[in-house]
>>> print(open('protein_18.cif').read())   # mmCIF, C-alpha atoms and all ligand atoms
data_input
#
loop_
_atom_site.label_atom_id
_atom_site.label_comp_id
_atom_site.auth_asym_id
_atom_site.auth_seq_id
_atom_site.Cartn_x
_atom_site.Cartn_y
_atom_site.Cartn_z
CA MET O 1 -16.22 -26.13 7.87
CA THR O 2 -16.78 -26.90 11.56
CA ALA O 3 -14.28 -28.58 13.85
CA ALA O 4 -16.52 -31.63 14.06
CA SER O 5 -16.75 -32.08 10.30
CA LEU O 6 -13.08 -31.51 9.69
CA GLY O 7 -11.78 -35.02 9.32
CA ALA O 8 -8.32 -36.31 10.14
CA PRO O 9 -5.42 -34.26 8.80
CA GLY O 10 -3.84 -37.40 7.35
CA ALA O 11 -6.83 -37.87 5.07
CA TRP O 12 -6.53 -34.30 3.84
CA ASP O 13 -2.83 -34.79 3.19
CA ALA O 14 -3.47 -38.02 1.29
CA ALA O 15 -5.93 -36.17 -0.96
CA ASP O 16 -3.59 -33.19 -1.51
CA PRO O 17 -2.39 -33.14 -5.14
CA LEU O 18 0.62 -30.99 -4.13
CA ARG O 19 1.77 -33.22 -1.24
CA GLU O 20 4.94 -34.34 -3.07
CA LEU O 21 6.34 -30.81 -3.13
CA ARG O 22 7.23 -30.95 0.57
CA ALA O 23 10.08 -33.34 -0.25
CA ARG O 24 11.74 -30.61 -2.33
CA PHE O 25 12.50 -28.54 0.77
CA ALA O 26 14.85 -28.92 3.73
CA LEU O 27 12.67 -29.27 6.83
CA PRO O 28 14.19 -27.78 10.00
CA VAL O 29 14.96 -30.01 12.98
CA ASN O 30 15.81 -29.27 16.62
CA ALA O 31 19.23 -29.69 18.27
CA GLN O 32 18.53 -33.41 18.75
CA GLY O 33 17.58 -33.86 15.09
CA ALA O 34 13.84 -34.21 15.78
CA PRO O 35 11.56 -32.57 13.19
CA LEU O 36 10.05 -29.20 14.03
CA THR O 37 6.64 -28.00 12.88
CA TYR O 38 7.63 -25.12 10.63
CA LEU O 39 4.84 -22.57 10.21
CA CYS O 40 7.01 -19.52 9.61
CA GLY O 41 7.22 -19.14 5.83
CA HIS O 42 5.78 -15.63 6.20
CA SER O 43 9.12 -14.69 7.75
CA LEU O 44 11.70 -16.97 6.13
CA GLY O 45 10.79 -19.59 3.55
CA LEU O 46 12.51 -22.98 3.59
CA LEU O 47 15.53 -24.00 1.56
CA PRO O 48 14.57 -25.56 -1.77
CA LEU O 49 16.92 -28.57 -1.96
CA ALA O 50 17.78 -27.80 -5.59
CA ALA O 51 19.29 -24.48 -4.49
CA ARG O 52 22.48 -26.14 -3.24
CA ALA O 53 23.38 -27.48 -6.68
CA LEU O 54 22.69 -24.09 -8.26
CA ILE O 55 24.97 -22.34 -5.78
CA ASP O 56 27.62 -25.03 -6.24
CA GLU O 57 27.50 -24.49 -10.00
CA GLU O 58 28.13 -20.79 -9.53
CA LEU O 59 31.00 -21.49 -7.12
CA ASP O 60 32.46 -24.01 -9.57
CA ASP O 61 32.12 -21.63 -12.48
CA TRP O 62 33.77 -18.90 -10.43
CA ALA O 63 36.56 -21.31 -9.43
CA HIS O 64 37.19 -22.49 -12.99
CA LEU O 65 36.40 -19.43 -15.03
CA GLY O 66 37.19 -16.45 -12.81
CA VAL O 67 36.14 -13.27 -14.57
CA GLU O 68 35.18 -15.22 -17.68
CA GLY O 69 32.11 -16.40 -15.78
CA HIS O 70 30.46 -13.08 -16.54
CA GLU O 71 30.01 -14.31 -20.07
CA HIS O 72 30.77 -18.04 -20.01
CA ALA O 73 29.31 -19.43 -16.80
CA ARG O 74 26.55 -21.98 -17.35
CA ARG O 75 24.21 -19.15 -16.53
CA PRO O 76 26.29 -16.10 -17.51
CA TRP O 77 26.48 -13.56 -14.72
CA ILE O 78 25.94 -10.41 -16.77
CA PRO O 79 22.29 -11.16 -17.59
CA TYR O 80 21.82 -13.39 -14.50
CA HIS O 81 18.76 -11.51 -13.25
CA GLU O 82 16.96 -12.56 -16.43
CA ASN O 83 16.83 -16.12 -15.06
CA LEU O 84 14.30 -14.80 -12.57
CA THR O 85 12.13 -12.65 -14.79
CA ALA O 86 9.60 -15.20 -16.08
CA GLY O 87 8.91 -16.59 -12.59
CA LEU O 88 8.52 -13.14 -11.06
CA ALA O 89 6.26 -12.01 -13.91
CA MET O 90 4.08 -15.07 -13.34
CA LEU O 91 3.85 -14.52 -9.59
CA THR O 92 3.13 -10.79 -9.82
CA GLY O 93 0.80 -11.02 -12.81
CA ALA O 94 2.98 -8.63 -14.75
CA ARG O 95 4.64 -8.47 -18.13
CA ALA O 96 8.27 -9.54 -18.26
CA SER O 97 9.27 -5.95 -19.04
CA GLU O 98 7.56 -4.75 -15.84
CA VAL O 99 9.53 -6.81 -13.30
CA VAL O 100 13.14 -7.06 -12.31
CA ALA O 101 15.05 -8.83 -9.55
CA MET O 102 17.42 -6.41 -7.87
CA ASN O 103 18.67 -5.08 -4.53
CA SER O 104 16.56 -5.64 -1.43
CA LEU O 105 13.09 -4.45 -0.55
CA THR O 106 13.88 -1.22 1.28
CA VAL O 107 16.47 -0.19 -1.29
CA ASN O 108 13.91 -0.76 -4.03
CA LEU O 109 11.31 1.20 -2.10
CA HIS O 110 13.70 4.16 -1.91
CA LEU O 111 14.39 3.90 -5.63
CA MET O 112 10.68 3.86 -6.38
CA LEU O 113 9.96 6.77 -4.06
CA ALA O 114 12.80 8.69 -5.70
CA SER O 115 11.01 8.23 -9.02
CA PHE O 116 7.39 8.45 -7.99
CA TYR O 117 7.16 10.71 -4.96
CA ARG O 118 7.22 14.20 -6.43
CA PRO O 119 5.60 16.56 -3.96
CA GLN O 120 4.29 19.69 -5.62
CA GLY O 121 2.42 22.65 -4.17
CA ALA O 122 -0.18 21.44 -1.70
CA ARG O 123 0.22 17.83 -2.88
CA THR O 124 2.91 16.64 -0.50
CA ARG O 125 1.40 13.84 1.56
CA ILE O 126 2.16 10.14 1.52
CA LEU O 127 -0.65 7.95 2.82
CA ILE O 128 0.32 4.73 4.58
CA GLU O 129 -1.32 2.44 7.11
CA ALA O 130 -0.86 3.05 10.82
CA GLY O 131 1.36 0.30 12.19
CA ALA O 132 3.15 -0.14 8.86
CA PHE O 133 6.29 -2.29 8.82
CA SER O 134 9.00 -0.14 10.38
CA ALA O 135 11.26 -0.31 7.32
CA ASP O 136 8.53 1.12 5.11
CA ARG O 137 7.72 3.88 7.55
CA HIS O 138 11.38 4.83 7.91
CA ALA O 139 11.78 4.89 4.13
CA VAL O 140 8.72 7.07 3.63
CA ALA O 141 9.47 9.46 6.52
CA SER O 142 13.06 9.89 5.40
CA GLN O 143 12.04 10.51 1.78
CA ILE O 144 9.73 13.26 2.98
CA ALA O 145 12.42 14.79 5.17
CA TRP O 146 15.04 14.41 2.43
CA ARG O 147 12.93 16.67 0.26
CA GLY O 148 12.87 19.34 2.97
CA LEU O 149 9.32 18.57 4.08
CA ASP O 150 8.03 17.66 7.52
CA PRO O 151 7.00 14.03 8.08
CA GLN O 152 4.82 15.24 10.97
CA THR O 153 2.45 16.79 8.44
CA ALA O 154 3.25 15.01 5.17
CA LEU O 155 3.18 11.44 6.47
CA VAL O 156 -0.42 10.37 7.03
CA GLU O 157 -1.10 7.07 8.80
CA LEU O 158 -4.57 5.63 8.44
CA ALA O 159 -5.59 3.66 11.53
CA PRO O 160 -8.29 1.01 11.88
CA ARG O 161 -11.52 2.19 13.48
CA PRO O 162 -11.37 2.04 17.31
CA GLY O 163 -11.63 -1.55 18.51
CA GLU O 164 -10.81 -2.99 15.06
CA ASP O 165 -7.57 -4.54 13.86
CA THR O 166 -7.86 -4.00 10.13
CA VAL O 167 -8.35 -1.02 7.82
CA CYS O 168 -10.92 -1.52 5.07
CA GLU O 169 -10.45 -0.24 1.53
CA GLU O 170 -13.46 1.99 2.05
CA ALA O 171 -11.55 3.95 4.70
CA ILE O 172 -8.79 4.61 2.17
CA GLU O 173 -11.38 5.79 -0.36
CA THR O 174 -13.03 8.04 2.21
CA TYR O 175 -9.72 9.60 3.20
CA LEU O 176 -8.76 10.19 -0.42
CA GLN O 177 -12.13 11.68 -1.33
CA ALA O 178 -11.68 14.20 1.48
CA HIS O 179 -7.95 14.91 1.21
CA GLY O 180 -6.74 13.32 -2.05
CA GLU O 181 -5.64 16.60 -3.54
CA GLN O 182 -3.01 16.91 -0.84
CA VAL O 183 -1.80 13.35 -1.35
CA ALA O 184 1.09 12.72 -3.73
CA LEU O 185 1.38 8.98 -3.15
CA VAL O 186 -0.38 6.07 -1.48
CA LEU O 187 1.89 3.26 -0.29
CA TRP O 188 0.01 0.20 0.85
CA PRO O 189 0.85 -3.43 1.61
CA GLY O 190 -0.63 -6.19 -0.52
CA VAL O 191 -0.92 -8.26 2.65
CA GLN O 192 -0.57 -6.62 6.06
CA PHE O 193 2.39 -8.18 7.87
CA ARG O 194 0.88 -8.22 11.36
CA THR O 195 -2.74 -9.18 10.65
CA GLY O 196 -2.38 -11.13 7.40
CA GLN O 197 -5.17 -9.04 5.82
CA VAL O 198 -5.20 -9.13 2.01
CA PHE O 199 -6.07 -5.85 0.26
CA ASP O 200 -7.83 -5.24 -3.04
CA LEU O 201 -4.99 -3.59 -4.92
CA ALA O 202 -7.06 -2.67 -7.98
CA ARG O 203 -9.57 -0.87 -5.76
CA ILE O 204 -6.87 1.06 -3.89
CA THR O 205 -5.19 1.95 -7.18
CA ARG O 206 -8.49 3.22 -8.63
CA ALA O 207 -9.13 5.32 -5.54
CA ALA O 208 -5.62 6.80 -5.67
CA HIS O 209 -5.67 7.49 -9.40
CA ALA O 210 -9.12 9.07 -9.24
CA LEU O 211 -7.61 11.80 -7.09
CA GLY O 212 -4.38 12.10 -9.07
CA CYS O 213 -2.24 10.19 -6.55
CA ILE O 214 0.42 7.60 -7.32
CA ALA O 215 -0.34 4.05 -6.09
CA GLY O 216 2.60 1.92 -4.90
CA PHE O 217 2.55 -1.41 -3.08
CA ASP O 218 4.75 -3.42 -0.77
CA LEU O 219 4.28 -7.05 -1.79
CA ALA O 220 6.62 -8.56 0.83
CA HIS O 221 3.82 -10.71 2.26
CA SER O 222 1.86 -11.12 -0.96
CA ILE O 223 4.21 -12.53 -3.56
CA GLY O 224 4.06 -16.30 -3.60
CA ASN O 225 1.26 -16.16 -1.03
CA VAL O 226 -1.71 -14.85 -3.02
CA PRO O 227 -2.22 -14.54 -6.78
CA LEU O 228 -1.43 -11.05 -8.04
CA SER O 229 -2.29 -9.19 -11.24
CA MET O 230 -0.17 -6.11 -10.97
CA HIS O 231 -0.44 -5.10 -14.60
CA GLU O 232 -4.21 -5.24 -14.54
CA THR O 233 -4.48 -3.32 -11.27
CA GLY O 234 -2.81 -0.39 -13.01
CA ALA O 235 -0.62 0.21 -9.94
CA ASP O 236 2.32 2.50 -10.58
CA PHE O 237 4.97 0.49 -8.78
CA ALA O 238 5.54 -2.35 -6.35
CA VAL O 239 8.46 -3.81 -4.42
CA TRP O 240 9.06 -7.08 -2.61
CA CYS O 241 11.60 -9.30 -0.91
CA SER O 242 12.21 -12.93 -1.82
CA TYR O 243 13.09 -14.58 1.47
CA LYS O 244 9.53 -15.14 2.71
CA TYR O 245 7.06 -17.08 0.55
CA LEU O 246 9.56 -17.09 -2.34
CA ASN O 247 12.13 -19.16 -0.42
CA GLY O 248 15.04 -17.21 -1.88
CA GLY O 249 17.10 -17.54 1.34
CA PRO O 250 18.17 -15.01 3.97
CA GLY O 251 19.00 -11.68 2.36
CA ALA O 252 17.90 -12.92 -1.06
CA ILE O 253 17.66 -10.52 -3.97
CA GLY O 254 14.45 -8.44 -3.94
CA GLY O 255 12.29 -7.25 -6.79
CA CYS O 256 10.47 -4.39 -8.34
CA PHE O 257 7.48 -3.71 -10.62
CA VAL O 258 6.87 -0.58 -12.67
CA HIS O 259 3.75 -0.40 -14.81
CA GLN O 260 4.21 -0.55 -18.57
CA ARG O 261 2.68 2.87 -19.18
CA HIS O 262 5.59 4.47 -17.32
CA LEU O 263 8.09 2.33 -19.17
CA ASP O 264 6.62 3.30 -22.54
CA ALA O 265 6.84 6.94 -21.57
CA GLN O 266 10.51 6.82 -20.55
CA PRO O 267 12.90 8.64 -22.87
CA PRO O 268 15.72 6.10 -23.38
CA THR O 269 18.57 8.58 -23.02
CA SER O 270 17.35 10.67 -20.15
CA HIS O 271 17.03 10.24 -16.42
CA SER O 272 13.95 12.38 -16.26
CA GLY O 273 10.87 12.19 -18.38
CA ALA O 274 7.27 11.23 -18.35
CA LEU O 275 7.39 9.60 -14.94
CA PRO O 276 6.34 11.82 -12.11
CA GLY O 277 10.06 12.29 -11.50
CA ALA O 278 13.57 11.32 -12.31
CA ARG O 279 15.05 7.86 -12.15
CA LEU O 280 18.22 7.23 -10.18
CA ALA O 281 20.59 5.35 -12.41
CA GLY O 282 23.58 3.04 -12.36
CA TRP O 283 25.48 1.19 -15.04
CA TRP O 284 23.33 -1.95 -14.80
CA GLY O 285 20.31 0.01 -15.92
CA HIS O 286 22.16 0.91 -19.08
CA GLU O 287 21.30 -1.21 -22.12
CA GLU O 288 23.51 -4.27 -22.17
CA PRO O 289 24.89 -4.12 -25.74
CA THR O 290 26.66 -0.80 -25.14
CA ARG O 291 27.11 -0.88 -21.35
CA PHE O 292 30.77 -1.80 -21.48
CA LEU O 293 31.65 1.03 -23.85
CA MET O 294 31.51 3.07 -20.66
CA GLU O 295 30.21 6.11 -22.45
CA PRO O 296 28.98 9.04 -20.39
CA GLN O 297 25.58 9.09 -22.07
CA PHE O 298 23.07 6.82 -20.33
CA ARG O 299 21.01 4.57 -22.60
CA ALA O 300 18.23 2.96 -20.62
CA ALA O 301 17.70 -0.77 -20.84
CA ALA O 302 14.22 -1.72 -21.97
CA GLY O 303 11.62 -2.02 -19.23
CA VAL O 304 12.03 -1.76 -15.49
CA ALA O 305 15.52 -3.24 -15.94
CA ALA O 306 16.54 0.42 -16.42
CA TRP O 307 16.15 0.91 -12.65
CA GLN O 308 18.95 -1.54 -11.88
CA LEU O 309 21.97 0.09 -10.32
CA SER O 310 24.54 -2.64 -9.79
CA ASN O 311 25.48 -6.03 -11.15
CA PRO O 312 23.31 -8.67 -9.48
CA PRO O 313 24.45 -10.68 -6.42
CA ILE O 314 24.71 -14.11 -8.05
CA LEU O 315 24.90 -16.12 -4.83
CA ALA O 316 21.89 -14.28 -3.39
CA ALA O 317 19.91 -14.94 -6.56
CA ALA O 318 20.73 -18.59 -7.34
CA PRO O 319 18.39 -20.18 -4.72
CA LEU O 320 15.51 -18.15 -6.09
CA ILE O 321 15.89 -19.86 -9.46
CA ALA O 322 15.26 -23.18 -7.73
CA SER O 323 12.24 -21.90 -5.86
CA LEU O 324 10.64 -20.12 -8.82
CA ALA O 325 10.92 -23.32 -10.84
CA ILE O 326 8.79 -25.08 -8.21
CA PHE O 327 6.22 -22.28 -8.29
CA GLN O 328 6.07 -22.47 -12.07
CA GLU O 329 5.63 -26.22 -11.97
CA ALA O 330 2.90 -26.14 -9.31
CA GLY O 331 1.09 -23.04 -10.61
CA MET O 332 -0.23 -20.27 -8.41
CA GLY O 333 -3.84 -21.40 -8.98
CA ALA O 334 -3.26 -24.84 -7.47
CA LEU O 335 -1.16 -23.40 -4.66
CA ARG O 336 -3.83 -20.88 -3.77
CA GLU O 337 -6.48 -23.59 -3.78
CA LYS O 338 -4.47 -25.68 -1.34
CA SER O 339 -3.60 -22.60 0.69
CA ARG O 340 -7.25 -21.69 1.14
CA ALA O 341 -8.13 -25.21 2.26
CA LEU O 342 -5.12 -25.49 4.57
CA THR O 343 -5.64 -22.11 6.24
CA ALA O 344 -9.38 -22.75 6.57
CA TYR O 345 -8.53 -26.10 8.18
CA LEU O 346 -6.18 -24.44 10.67
CA ALA O 347 -8.73 -21.69 11.37
CA SER O 348 -11.39 -24.33 12.06
CA LEU O 349 -9.08 -26.09 14.49
CA LEU O 350 -8.34 -22.81 16.27
CA ARG O 351 -11.88 -21.40 16.41
CA PRO O 352 -12.91 -23.52 19.42
CA PHE O 353 -10.10 -21.89 21.43
CA ALA O 354 -12.04 -18.59 21.46
CA PRO O 355 -12.16 -16.43 23.56
CA ALA O 356 -8.72 -17.53 24.87
CA VAL O 357 -7.36 -17.21 21.34
CA HIS O 358 -8.66 -14.55 18.96
CA ILE O 359 -7.83 -14.81 15.25
CA ILE O 360 -7.38 -11.21 14.11
CA THR O 361 -6.91 -12.15 10.44
CA PRO O 362 -10.10 -11.59 8.43
CA GLU O 363 -12.27 -14.69 8.11
CA GLU O 364 -13.28 -14.01 4.51
CA PRO O 365 -11.06 -16.24 2.29
CA GLN O 366 -10.39 -13.42 -0.23
CA GLN O 367 -9.18 -11.23 2.60
CA ARG O 368 -6.47 -13.54 3.85
CA GLY O 369 -3.55 -15.50 2.46
CA CYS O 370 -2.06 -18.40 4.35
CA GLN O 371 -1.13 -16.48 7.52
CA LEU O 372 -3.31 -16.47 10.61
CA SER O 373 -2.50 -13.96 13.33
CA LEU O 374 -3.48 -14.88 16.86
CA ARG O 375 -3.98 -12.69 19.88
CA ILE O 376 -3.99 -14.50 23.19
CA ALA O 377 -6.39 -13.25 25.85
CA GLY O 378 -4.75 -12.01 29.04
CA GLY O 379 -2.40 -9.45 27.56
CA ALA O 380 0.87 -9.33 25.69
CA GLY O 381 2.88 -10.84 28.56
CA HIS O 382 0.72 -13.94 28.56
CA GLY O 383 0.74 -14.04 24.76
CA LYS O 384 4.53 -14.07 24.79
CA GLN O 385 4.53 -16.92 27.32
CA VAL O 386 2.20 -18.93 25.10
CA PHE O 387 4.44 -18.22 22.11
CA GLU O 388 7.51 -19.40 24.01
CA ALA O 389 5.75 -22.53 25.25
CA LEU O 390 4.73 -23.34 21.68
CA GLY O 391 8.38 -22.98 20.68
CA ALA O 392 9.38 -25.39 23.43
CA ARG O 393 6.99 -27.91 21.85
CA GLY O 394 8.69 -27.64 18.46
CA MET O 395 6.31 -25.13 16.86
CA VAL O 396 8.19 -22.64 14.72
CA VAL O 397 5.90 -19.60 14.54
CA ASP O 398 6.75 -16.00 15.35
CA TRP O 399 5.90 -13.15 17.64
CA ARG O 400 5.17 -9.68 16.38
CA ALA O 401 5.05 -6.84 18.86
CA PRO O 402 2.95 -5.78 20.54
CA ASP O 403 0.86 -8.94 20.97
CA VAL O 404 0.51 -11.19 17.93
CA ILE O 405 1.57 -14.77 17.19
CA ARG O 406 1.81 -15.34 13.43
CA VAL O 407 1.25 -18.82 12.06
CA ALA O 408 1.47 -19.60 8.36
CA PRO O 409 0.83 -23.01 6.82
CA VAL O 410 2.54 -22.65 3.44
CA PRO O 411 1.03 -24.76 0.66
CA LEU O 412 4.41 -25.60 -0.91
CA TYR O 413 5.68 -27.53 2.09
CA ASN O 414 3.17 -27.61 4.92
CA ARG O 415 0.73 -30.43 5.57
CA PHE O 416 -2.67 -30.52 7.18
CA GLU O 417 -0.84 -32.63 9.74
CA ASP O 418 1.19 -29.54 10.68
CA ALA O 419 -2.03 -27.64 11.36
CA GLY O 420 -3.14 -30.55 13.56
CA CYS O 421 0.19 -30.55 15.46
CA PHE O 422 -0.10 -26.83 16.07
CA ALA O 423 -3.64 -27.11 17.43
CA GLN O 424 -2.56 -29.98 19.68
CA ALA O 425 0.42 -28.00 21.00
CA LEU O 426 -1.82 -25.01 21.65
CA THR O 427 -4.27 -27.20 23.58
CA GLU O 428 -1.46 -28.44 25.81
CA VAL O 429 0.04 -24.98 26.32
CA LEU O 430 -3.28 -23.38 27.24
CA LYS O 431 -4.02 -26.20 29.71
CA GLU O 432 -0.83 -25.48 31.64
C1 LIG W 1 6.46 -5.48 4.92
C2 LIG W 1 7.95 -5.40 4.94
N1 LIG W 1 8.56 -4.28 4.51
C3 LIG W 1 9.89 -4.16 4.54
C4 LIG W 1 10.71 -5.18 4.99
C5 LIG W 1 12.20 -4.99 5.01
O1 LIG W 1 12.83 -5.76 4.04
P1 LIG W 1 14.38 -5.65 3.68
O2 LIG W 1 15.16 -5.90 4.92
O3 LIG W 1 14.57 -6.77 2.69
O4 LIG W 1 14.63 -4.33 3.08
C6 LIG W 1 10.12 -6.38 5.42
C7 LIG W 1 10.95 -7.48 5.94
O5 LIG W 1 10.51 -8.44 6.48
C8 LIG W 1 8.71 -6.48 5.41
O6 LIG W 1 8.09 -7.59 5.83
#
>>> encode(input="protein_18.cif", output="structure tokens")
Amino acid sequence: MTAASLGAPGAWDAADPLRELRARFALPVNAQGAPLTYLCGHSLGLLPLAARALIDEELDDWAHLGVEGHEHARRPWIPYHENLTAGLAMLTGARASEVVAMNSLTVNLHLMLASFYRPQGARTRILIEAGAFSADRHAVASQIAWRGLDPQTALVELAPRPGEDTVCEEAIETYLQAHGEQVALVLWPGVQFRTGQVFDLARITRAAHALGCIAGFDLAHSIGNVPLSMHETGADFAVWCSYKYLNGGPGAIGGCFVHQRHLDAQPPTSHSGALPGARLAGWWGHEEPTRFLMEPQFRAAAGVAAWQLSNPPILAAAPLIASLAIFQEAGMGALREKSRALTAYLASLLRPFAPAVHIITPEEPQQRGCQLSLRIAGGAGHGKQVFEALGARGMVVDWRAPDVIRVAPVPLYNRFEDAGCFAQALTEVLKE
């Protein structure tokens, strides 16, 4: 697609079979009530309007039923997380037994590392990407230190080749072929948060497993953005948050995937077993029928539900029910199709800005989701000024240190018109 052959955004919107979905979300406005152009679903997804009624129902049930709501609320609170399982399984391409909504991303990452990072002998390293999201790096470094090892040597950060912004899967394979026997675990993002690069998770998993390493993934920027098939990839575990593309709301309940082969191998009454290591446990991971007998012996719930620690935060989970219902109705296939077209449209509008604006996200459609990451020529200071000027024109995008503006047209609620507005605002800002 070239800028000349693009066509008017309105025509694209009119032909979009998913255009009605936008009306299911609350669209942010400025202090004067004028609509903003929201292109920030990679950071915080928009409020699904149906979420309010779901939260109200929980508040009403709490008001009327008190403690009885655990069993007699419209959606009883004890098994509340199960309301989310089918939607999460669909979006991750996993079996229902392999996914659970619980905690938040970093907590889940620690729980997974507690189970799957078992340094032994010379095999102590964790391989991550250089420039990983700080939360992930802190979690990994602290897990290494917590086991009495030195993150300086056991934490390996794979950097892009000089002058490049992205790391290719081949570089991971090359590193593992050379050093895999010292690597206990590879933790990789499904989509890189700063560049928007999509990784081939099956390929990374194969490379890790070939050398006897565990393969875990952070799906924060993948889930709801690109189709996933976590079961098929054979990955050992994955974690995610639900406030970005999943529109679960600020601080929404996160999620976790553990592959079925580990679940099958778990002894039901033990905390240790066929996994690489032990599982940290709480009462919510205990099987439900006998949980309230409060017996000392732990009996694991079936599936990854056994990793739950605490009873679920109902008010932080209710909005996600509303959002997952929209995903299930639309289907990830149709959303991805629109996403590809919408992001390609935005990329085509932005390409003529080169060299003043450089899109660092890979151009190849399989290697990107909806996010485009822009670097503005003239240094980070100028980039920040451009970002702020875009904000003053009603563009809601974000800035990621050191020098990137992230822009994400989300197929659930963004229009081609939004891409057009952004390009127009950028034209004006760069003229100034
Ligand atoms: C890639 C990545 N990892 C980790 C986190 C931290 O998530 P949480 O605060 O939910 O633990 C985020 C949050 O945006 C993220 O994008």
>>> residues_near_ligand(input="protein_18.cif", ligand="ligand LIG 1 (chain W)", cutoff="6 Å", atoms="all atoms listed in the file", output="ChimeraX atom specification")
/O:104-106,133,135-136,193,220,241
>>> residues_around(input="protein_18.cif", residues="Tyr413 in chain O", least_positions_apart="6", cutoff="9 Å", atoms="only C-alpha atoms", output="list of chain:residue names")
O:Leu18, O:Arg19, O:Glu20, O:Leu21, O:Arg22, O:Ala23, O:Arg24, O:Phe25, O:Leu27, O:Leu46
>>> write_last_selection(input="protein_18.cif", atoms="C-alpha atoms", output="mmCIF file, in the frame of the given file")
data_model
loop_
_atom_site.group_PDB
_atom_site.id
_atom_site.type_symbol
_atom_site.label_atom_id
_atom_site.label_comp_id
_atom_site.auth_asym_id
_atom_site.auth_seq_id
_atom_site.Cartn_x
_atom_site.Cartn_y
_atom_site.Cartn_z
ATOM 1 C CA LEU O 18 0.620 -30.990 -4.130
ATOM 2 C CA ARG O 19 1.770 -33.220 -1.240
ATOM 3 C CA GLU O 20 4.940 -34.340 -3.070
ATOM 4 C CA LEU O 21 6.340 -30.810 -3.130
ATOM 5 C CA ARG O 22 7.230 -30.950 0.570
ATOM 6 C CA ALA O 23 10.080 -33.340 -0.250
ATOM 7 C CA ARG O 24 11.740 -30.610 -2.330
ATOM 8 C CA PHE O 25 12.500 -28.540 0.770
ATOM 9 C CA LEU O 27 12.670 -29.270 6.830
ATOM 10 C CA LEU O 46 12.510 -22.980 3.590
#
>>> closest_residue(input="protein_18.cif", among="O:Ile204, O:Ala281, O:Leu84, O:Leu275", to="Gly234 in chain O", atoms="only C-alpha atoms")
O:Ile204
>>> atom_distance(input="protein_18.cif", atom1="CA of Arg261 in chain O", atom2="CA of Val99 in chain O")
13.2 Å
>>> closest_atom_pairs(input="protein_18.cif", of="range 120-171 of chain O", to="range 346-365 of chain O", cutoff="12 Å", atoms="only C-alpha atoms", output="Markdown table")
| residue | atom | partner | partner_atom | distance |
| --- | --- | --- | --- | --- |
| O:Gly163 | CA | O:Ile360 | CA | 11.4 |
| O:Glu164 | CA | O:Ile360 | CA | 9.0 |
| O:Asp165 | CA | O:Ile360 | CA | 6.7 |
| O:Thr166 | CA | O:Pro362 | CA | 8.1 |
| O:Val167 | CA | O:Pro362 | CA | 10.7 |
| O:Cys168 | CA | O:Pro362 | CA | 10.6 |
>>> write_last_selection(input="protein_18.cif", atoms="C-alpha atoms", output="tab-separated table (two decimals), in the frame of the given file")
chain	number	residue	atom	x	y	z
O	163	GLY	CA	-11.63	-1.55	18.51
O	164	GLU	CA	-10.81	-2.99	15.06
O	165	ASP	CA	-7.57	-4.54	13.86
O	166	THR	CA	-7.86	-4.00	10.13
O	167	VAL	CA	-8.35	-1.02	7.82
O	168	CYS	CA	-10.92	-1.52	5.07
>>> atom_distance(input="protein_18.cif", atom1="CA of Arg75 in chain O", atom2="CA of Pro268 in chain O")
27.5 Å
>>> closest_residue(input="protein_18.cif", among="O:Pro250, O:Pro267, O:Gly369, O:Pro313", to="Val198 in chain O", atoms="only C-alpha atoms")
O:Gly369
>>> atom_distance(input="protein_18.cif", atom1="CA of Ile126 in chain O", atom2="CA of His42 in chain O")
26.4 Å
>>> residues_near_point(input="protein_18.cif", point="(8.7, 11.5, -20.9)", cutoff="10 Å", atoms="only C-alpha atoms", output="list in words")
His262, Leu263, Asp264, Ala265, Gln266, Pro267, Pro268, Ser270, His271, Ser272, Gly273, Ala274, Leu275, Pro276, Gly277 and Ala278 of chain O
>>> residues_around(input="protein_18.cif", residues="range 339-342 of chain O", least_positions_apart="6", cutoff="10 Å", atoms="all atoms listed in the file", output="compact mmCIF listing (two decimals) with C-alpha atoms, in the frame of the given file")
# COMPACT_ATOMS: atom_id res chain seq x y z
CA MET O 1 -16.22 -26.13 7.87
CA PRO O 9 -5.42 -34.26 8.80
CA TRP O 12 -6.53 -34.30 3.84
CA ASP O 13 -2.83 -34.79 3.19
CA ASP O 16 -3.59 -33.19 -1.51
CA ASN O 225 1.26 -16.16 -1.03
CA VAL O 226 -1.71 -14.85 -3.02
CA MET O 332 -0.23 -20.27 -8.41
CA GLY O 333 -3.84 -21.40 -8.98
CA SER O 348 -11.39 -24.33 12.06
CA PRO O 365 -11.06 -16.24 2.29
CA GLN O 366 -10.39 -13.42 -0.23
CA ARG O 368 -6.47 -13.54 3.85
CA GLY O 369 -3.55 -15.50 2.46
CA CYS O 370 -2.06 -18.40 4.35
CA GLN O 371 -1.13 -16.48 7.52
CA ALA O 408 1.47 -19.60 8.36
CA PRO O 409 0.83 -23.01 6.82
CA VAL O 410 2.54 -22.65 3.44
CA PRO O 411 1.03 -24.76 0.66
CA LEU O 412 4.41 -25.60 -0.91
CA ASN O 414 3.17 -27.61 4.92
CA ARG O 415 0.73 -30.43 5.57
CA PHE O 416 -2.67 -30.52 7.18
CA GLU O 417 -0.84 -32.63 9.74
CA ASP O 418 1.19 -29.54 10.68
CA ALA O 419 -2.03 -27.64 11.36
>>> closest_residue(input="protein_18.cif", among="O:Leu149, O:Ala302, O:Cys40, O:Ala171", to="Lys244 in chain O", atoms="all atoms listed in the file")
O:Cys40
>>> axis_aligned_box(input="protein_18.cif", around="range 58-66 of chain O", padding_each_side="4 Å", output="lines of an AutoDock Vina configuration file")
center_x = 32.7
center_y = -20.2
center_z = -11.1
size_x = 17.1
size_y = 15.6
size_z = 15.9
